[in-house]
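Chemist: Contents of query10.tsv (TSV, C-alpha atoms) are below:
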```tsv
chain	number	residue	atom	x	y	z
A	8	GLU	CA	-19.59	-95.66	71.92
A	9	LYS	CA	-17.06	-96.83	69.34
A	10	THR	CA	-13.45	-96.08	70.11
A	11	GLU	CA	-11.50	-98.78	68.25
A	12	GLY	CA	-10.11	-99.35	64.80
A	13	VAL	CA	-11.11	-96.90	62.12
A	14	SER	CA	-14.47	-95.98	63.65
A	15	GLY	CA	-16.00	-92.56	63.43
A	16	ASN	CA	-14.79	-91.40	66.82
A	17	MET	CA	-11.18	-91.49	65.64
A	18	TYR	CA	-11.99	-88.99	62.91
A	19	GLU	CA	-14.23	-86.93	65.17
A	20	SER	CA	-11.28	-86.39	67.52
A	21	PHE	CA	-9.73	-84.38	64.69
A	22	GLY	CA	-12.91	-82.36	64.22
A	23	ALA	CA	-14.34	-84.39	61.34
A	24	VAL	CA	-18.08	-84.61	60.74
A	25	PRO	CA	-20.07	-86.73	58.29
A	26	VAL	CA	-20.21	-85.04	54.90
A	27	SER	CA	-23.74	-83.83	54.29
A	28	GLY	CA	-25.43	-80.67	53.12
A	29	ARG	CA	-27.05	-80.29	56.52
A	30	ASN	CA	-23.77	-80.40	58.44
A	31	PHE	CA	-22.11	-78.10	55.92
A	32	ALA	CA	-24.93	-75.58	56.31
A	33	LYS	CA	-24.83	-75.77	60.12
A	34	LEU	CA	-21.12	-75.04	60.19
A	35	LEU	CA	-21.46	-72.11	57.80
A	36	GLN	CA	-24.38	-70.72	59.81
A	37	LYS	CA	-22.14	-70.68	62.88
A	38	GLY	CA	-19.39	-68.89	60.99
A	39	GLU	CA	-17.08	-71.89	61.15
A	40	SER	CA	-14.26	-72.46	58.69
A	41	VAL	CA	-14.81	-75.72	56.80
A	42	LEU	CA	-12.00	-77.80	55.34
A	43	LEU	CA	-13.54	-79.90	52.58
A	44	PHE	CA	-11.75	-82.72	50.75
A	45	PRO	CA	-13.34	-83.39	47.32
A	46	GLY	CA	-13.05	-87.18	47.57
A	47	GLY	CA	-13.28	-87.49	51.34
A	48	LEU	CA	-11.65	-90.47	53.04
A	49	SER	CA	-11.41	-92.49	49.83
A	50	GLU	CA	-9.08	-89.78	48.57
A	51	ALA	CA	-7.00	-89.64	51.76
A	52	LEU	CA	-6.76	-93.43	52.13
A	53	HIS	CA	-5.89	-93.88	48.49
A	54	ARG	CA	-4.84	-96.90	46.47
A	55	LYS	CA	-1.45	-97.64	44.95
A	56	ASP	CA	-2.18	-95.86	41.67
A	57	GLU	CA	-3.99	-92.87	43.20
A	58	TYR	CA	-1.19	-90.71	44.66
A	59	TYR	CA	-2.34	-87.08	44.46
A	60	THR	CA	-5.45	-88.07	42.53
A	61	LEU	CA	-8.40	-85.80	43.30
A	62	LYS	CA	-11.89	-87.28	43.14
A	63	TRP	CA	-14.18	-84.40	42.33
A	64	PRO	CA	-17.92	-85.15	42.53
A	65	GLU	CA	-19.96	-84.14	39.52
A	66	LYS	CA	-22.44	-82.04	41.49
A	67	THR	CA	-21.70	-78.43	42.43
A	68	ASP	CA	-23.57	-78.65	45.75
A	69	PHE	CA	-20.81	-77.22	47.93
A	70	VAL	CA	-20.57	-74.12	45.71
A	71	ARG	CA	-24.32	-73.55	45.99
A	72	LEU	CA	-24.23	-73.92	49.77
A	73	ALA	CA	-21.24	-71.62	50.06
A	74	ALA	CA	-23.09	-69.01	47.99
A	75	ARG	CA	-26.20	-69.34	50.13
A	76	TYR	CA	-24.22	-68.19	53.15
A	77	ASN	CA	-21.92	-65.79	51.24
A	78	ALA	CA	-18.93	-67.92	52.19
A	79	THR	CA	-15.51	-67.39	50.67
A	80	ILE	CA	-13.91	-70.41	49.01
A	81	VAL	CA	-10.13	-70.68	49.43
A	82	PRO	CA	-8.44	-73.26	47.15
A	83	PHE	CA	-5.84	-75.26	49.04
A	84	GLY	CA	-3.29	-77.94	48.30
A	85	GLY	CA	-0.74	-80.03	50.15
A	86	VAL	CA	2.06	-82.25	48.88
A	87	GLY	CA	4.24	-84.64	50.85
A	88	ALA	CA	1.89	-86.39	53.29
A	89	SER	CA	1.09	-89.15	50.81
A	90	ASP	CA	4.82	-89.81	50.44
A	91	ALA	CA	5.22	-90.51	54.17
A	92	ALA	CA	4.00	-94.08	53.63
A	93	SER	CA	3.83	-96.63	50.83
A	94	VAL	CA	0.62	-98.46	49.97
A	95	LEU	CA	1.49	-102.11	50.35
A	96	LEU	CA	-1.92	-103.63	49.61
A	97	ASP	CA	-5.12	-102.18	48.18
A	98	PRO	CA	-8.32	-102.96	50.16
A	99	GLU	CA	-9.25	-106.01	48.08
A	100	GLU	CA	-5.70	-107.35	48.29
A	101	ALA	CA	-5.63	-106.77	52.06
A	102	LYS	CA	-8.86	-108.71	52.51
A	103	GLU	CA	-7.60	-111.54	50.31
A	104	PHE	CA	-4.33	-111.71	52.22
A	105	GLY	CA	-6.18	-111.69	55.55
A	106	GLU	CA	-8.10	-114.79	54.46
A	107	SER	CA	-4.95	-116.62	53.33
A	108	PRO	CA	-3.19	-119.15	55.62
A	109	LEU	CA	-0.29	-116.75	56.20
A	110	GLY	CA	-2.65	-113.86	56.91
A	111	LYS	CA	-4.61	-115.91	59.44
A	112	LEU	CA	-1.38	-116.96	61.12
A	113	LEU	CA	-0.18	-113.36	61.37
A	114	SER	CA	-3.52	-112.23	62.78
A	115	GLN	CA	-3.17	-114.79	65.57
A	116	VAL	CA	0.37	-113.74	66.38
A	117	ALA	CA	-0.35	-110.01	66.02
A	118	PRO	CA	-4.08	-109.15	66.25
A	119	GLY	CA	-4.91	-106.29	63.95
A	120	GLY	CA	-2.05	-107.22	61.63
A	121	VAL	CA	-1.96	-107.15	57.84
A	122	GLY	CA	-5.38	-107.79	56.38
A	123	ARG	CA	-7.16	-108.02	59.72
A	124	GLN	CA	-8.30	-104.39	59.88
A	125	ALA	CA	-10.08	-104.57	56.55
A	126	GLN	CA	-11.72	-107.86	57.52
A	127	ALA	CA	-12.74	-106.59	60.98
A	128	ALA	CA	-14.27	-103.45	59.47
A	129	GLU	CA	-16.53	-105.60	57.34
A	130	GLU	CA	-17.48	-107.95	60.18
A	131	GLU	CA	-18.04	-105.29	62.84
A	132	PRO	CA	-21.74	-104.47	63.25
A	133	SER	CA	-22.59	-100.84	62.73
A	134	GLY	CA	-24.85	-100.66	65.76
A	135	GLY	CA	-27.66	-99.39	63.61
A	136	ASP	CA	-28.01	-96.13	65.50
A	137	GLY	CA	-27.05	-94.00	62.51
A	138	GLY	CA	-24.75	-91.94	64.69
A	139	ALA	CA	-21.73	-90.01	63.55
A	140	ALA	CA	-19.42	-92.89	64.44
A	141	ASP	CA	-21.29	-95.18	62.04
A	142	ARG	CA	-21.42	-92.64	59.24
A	143	LEU	CA	-17.75	-91.80	59.62
A	144	ALA	CA	-16.68	-95.45	59.63
A	145	PHE	CA	-14.55	-96.37	56.64
A	146	LYS	CA	-14.26	-99.96	55.45
A	147	ASP	CA	-12.11	-99.76	52.33
A	148	ILE	CA	-8.79	-99.60	54.12
A	149	PRO	CA	-5.51	-100.05	52.25
A	150	ILE	CA	-2.52	-101.45	54.10
A	151	VAL	CA	0.27	-98.90	54.28
A	152	VAL	CA	3.88	-99.12	55.44
A	153	PRO	CA	5.25	-95.92	57.05
A	154	LYS	CA	8.61	-94.77	55.81
A	155	ALA	CA	11.52	-94.25	58.17
A	156	PRO	CA	11.82	-90.62	59.40
A	157	TRP	CA	15.01	-90.07	57.39
A	158	GLN	CA	13.16	-91.15	54.21
A	159	MET	CA	10.30	-88.71	54.60
A	160	SER	CA	10.12	-85.74	52.29
A	161	ARG	CA	9.24	-82.24	53.34
A	162	ILE	CA	5.52	-81.43	53.41
A	163	TYR	CA	4.36	-78.36	51.48
A	164	PHE	CA	1.07	-76.45	51.82
A	165	MET	CA	-0.25	-73.60	49.73
A	166	PHE	CA	-3.40	-71.49	49.67
A	167	GLY	CA	-4.73	-69.92	46.49
A	168	ARG	CA	-6.63	-66.75	45.74
A	169	PRO	CA	-9.89	-66.52	47.73
A	170	ILE	CA	-13.03	-66.84	45.62
A	171	SER	CA	-16.01	-64.81	46.78
A	172	THR	CA	-19.50	-66.24	46.32
A	173	ALA	CA	-21.24	-62.95	47.04
A	174	GLY	CA	-23.77	-62.25	44.32
A	175	LEU	CA	-23.67	-65.78	42.96
A	176	ASN	CA	-27.12	-66.97	41.92
A	177	VAL	CA	-27.54	-70.42	43.48
A	178	ARG	CA	-30.30	-71.22	40.96
A	179	ASP	CA	-28.05	-70.48	38.00
A	180	ALA	CA	-26.53	-73.88	37.15
A	181	GLU	CA	-24.13	-72.46	34.58
A	182	GLN	CA	-22.84	-69.79	36.94
A	183	CYS	CA	-22.32	-72.30	39.77
A	184	ALA	CA	-20.60	-74.71	37.39
A	185	GLY	CA	-18.22	-71.92	36.35
A	186	VAL	CA	-17.18	-71.29	39.96
A	187	TYR	CA	-16.83	-75.02	40.54
A	188	GLU	CA	-14.54	-75.38	37.53
A	189	ARG	CA	-12.46	-72.46	38.74
A	190	VAL	CA	-12.01	-74.09	42.14
A	191	GLN	CA	-11.00	-77.35	40.47
A	192	GLY	CA	-8.53	-75.59	38.21
A	193	ASP	CA	-6.99	-73.62	41.08
A	194	VAL	CA	-6.52	-76.70	43.28
A	195	ASP	CA	-5.04	-78.68	40.39
A	196	GLY	CA	-2.72	-75.76	39.64
A	197	ILE	CA	-1.57	-75.56	43.26
A	198	LEU	CA	-0.79	-79.27	43.41
A	199	GLY	CA	1.08	-79.10	40.12
A	200	TYR	CA	3.10	-76.08	41.28
A	201	LEU	CA	4.07	-77.75	44.56
A	202	GLN	CA	5.02	-81.03	42.90
A	203	ASP	CA	7.10	-79.29	40.25
A	204	ASN	CA	8.98	-77.05	42.68
A	205	ARG	CA	9.66	-79.48	45.48
A	206	GLY	CA	12.00	-81.30	43.11
A	207	LYS	CA	14.12	-78.12	43.07
A	208	ASP	CA	14.17	-77.75	46.87
A	209	PRO	CA	17.72	-78.63	48.07
A	210	TYR	CA	16.35	-79.25	51.57
A	211	LYS	CA	13.49	-81.50	50.59
A	212	GLU	CA	15.09	-84.53	52.21
A	213	PHE	CA	15.32	-84.99	55.96
A	214	ALA	CA	19.11	-85.28	56.24
A	215	ALA	CA	19.76	-82.05	54.31
A	216	ARG	CA	17.32	-80.12	56.50
A	217	VAL	CA	18.81	-81.46	59.72
A	218	LEU	CA	22.33	-80.50	58.67
A	219	TYR	CA	21.28	-76.97	57.68
A	220	GLU	CA	19.11	-76.35	60.75
A	221	THR	CA	21.76	-77.73	63.11
A	222	GLN	CA	24.42	-75.49	61.61
A	223	PHE	CA	22.40	-72.27	61.30
A	224	ALA	CA	19.79	-72.74	64.09
A	225	ARG	CA	16.90	-71.77	61.84
A	226	SER	CA	14.43	-73.45	59.52
A	227	ALA	CA	15.83	-74.53	56.18
A	228	PRO	CA	14.61	-72.24	53.39
A	229	THR	CA	12.37	-73.39	50.61
A	230	PHE	CA	10.77	-71.99	47.48
A	231	SER	CA	8.18	-69.23	47.81
A	232	PRO	CA	4.67	-69.36	46.36
A	233	PRO	CA	4.13	-67.28	43.25
A	234	PRO	CA	2.29	-63.94	43.50
A	235	LEU	CA	-1.47	-64.42	43.38
A	236	GLY	CA	-2.30	-63.93	39.74
A	237	GLU	CA	-5.22	-64.24	37.43
A	238	ASP	CA	-4.83	-68.02	37.37
A	239	GLY	CA	-5.95	-68.09	41.02
A	240	ARG	CA	-2.61	-69.17	42.47
```
Write the structure described by the file as structure tokens, please.
Modeler:
Amino acid sequence: EKTEGVSGNMYESFGAVPVSGRNFAKLLQKGESVLLFPGGLSEALHRKDEYYTLKWPEKTDFVRLAARYNATIVPFGGVGASDAASVLLDPEEAKEFGESPLGKLLSQVAPGGVGRQAQAAEEEPSGGDGGAADRLAFKDIPIVVPKAPWQMSRIYFMFGRPISTAGLNVRDAEQCAGVYERVQGDVDGILGYLQDNRGKDPYKEFAARVLYETQFARSAPTFSPPPLGEDGR
């Protein structure tokens, strides 16, 4: 069983499962709530120029599956987590650095250092069993540098207006595409709203929050989400 590096078991410990129509259907059949990221791990472990870039697939499969089980789709967005670390090297750069004389030296001094994780992920055999650990393994790993706690911005989350799929004809491509576009628009709107308003939050930075919360013994206030309107937010 794989337990090291960026193998599937690490993600499974957080409740992750391989993205597939079958797994999605099983979860919905059991009445589970499913948190779905459009671009999956490649979106979470993004590159230097991909901060808050959503990677929507062209197909509307998740809308069709949601409609098949009368599931409710809730648009969701979060801002701040990507700012907790800086991408130092993209995957290709990390691999190139790992093969350089300096990278090899660092890997000897500190196994698993810069560039070594990306190289090890490529070299590590999958085991060939097709298990969840293999399918959850992720090889394109950027090298990130965590920011100091006092440099970290506040993290904001927001849920949009629920979208019912009851009565949606799963065989109607145009109808499904319309719901898909609405979900995309709502998520994009949420991210835009959070990014715009966090700049106005006087307690966005760590030091300001600590001073306020130490003085008043309560959480520092922040902006409120807008009323749920016709735009889905």
Chemist: Could you please determine the separation between atom CA of A:Pro98 and atom CA of A:Leu61 in Å, to one decimal place?
Modeler: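 So the answer is 18.5 Å.
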Chemist: For stretch 164-170 of chain A, take all atoms listed in the file, fit an axis-aligned box around them, add 8 Å to each of the six sides, then output centre and edge lengths in Å rounded to one decimal, as JSON.
Modeler:
```
{"center_x": -6.0, "center_y": -71.5, "center_z": 48.7, "size_x": 30.1, "size_y": 25.9, "size_z": 22.2}
```
Chemist: What lies within 12 Å of stretch 64-72 of chain A using only C-alpha atoms, ignoring chain neighbours under 3 positions off, as a count of residues only?
Modeler: 49
Chemist: Find the distance between atom CA of A:Glu99 and atom CA of A:Gly84 and write it in Å to one decimal.
Modeler: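 Separation between atom CA of A:Glu99 and atom CA of A:Gly84: 28.7 Å.
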Chemist: Pick out the closest residue to A:Ile150 from this set: A:Leu201, A:Pro209, A:Tyr163, A:Ala101. Count only C-alpha atoms.
Modeler: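 Of A:Leu201, A:Pro209, A:Tyr163, A:Ala101, the one nearest A:Ile150, counting only C-alpha atoms, is A:Ala101.
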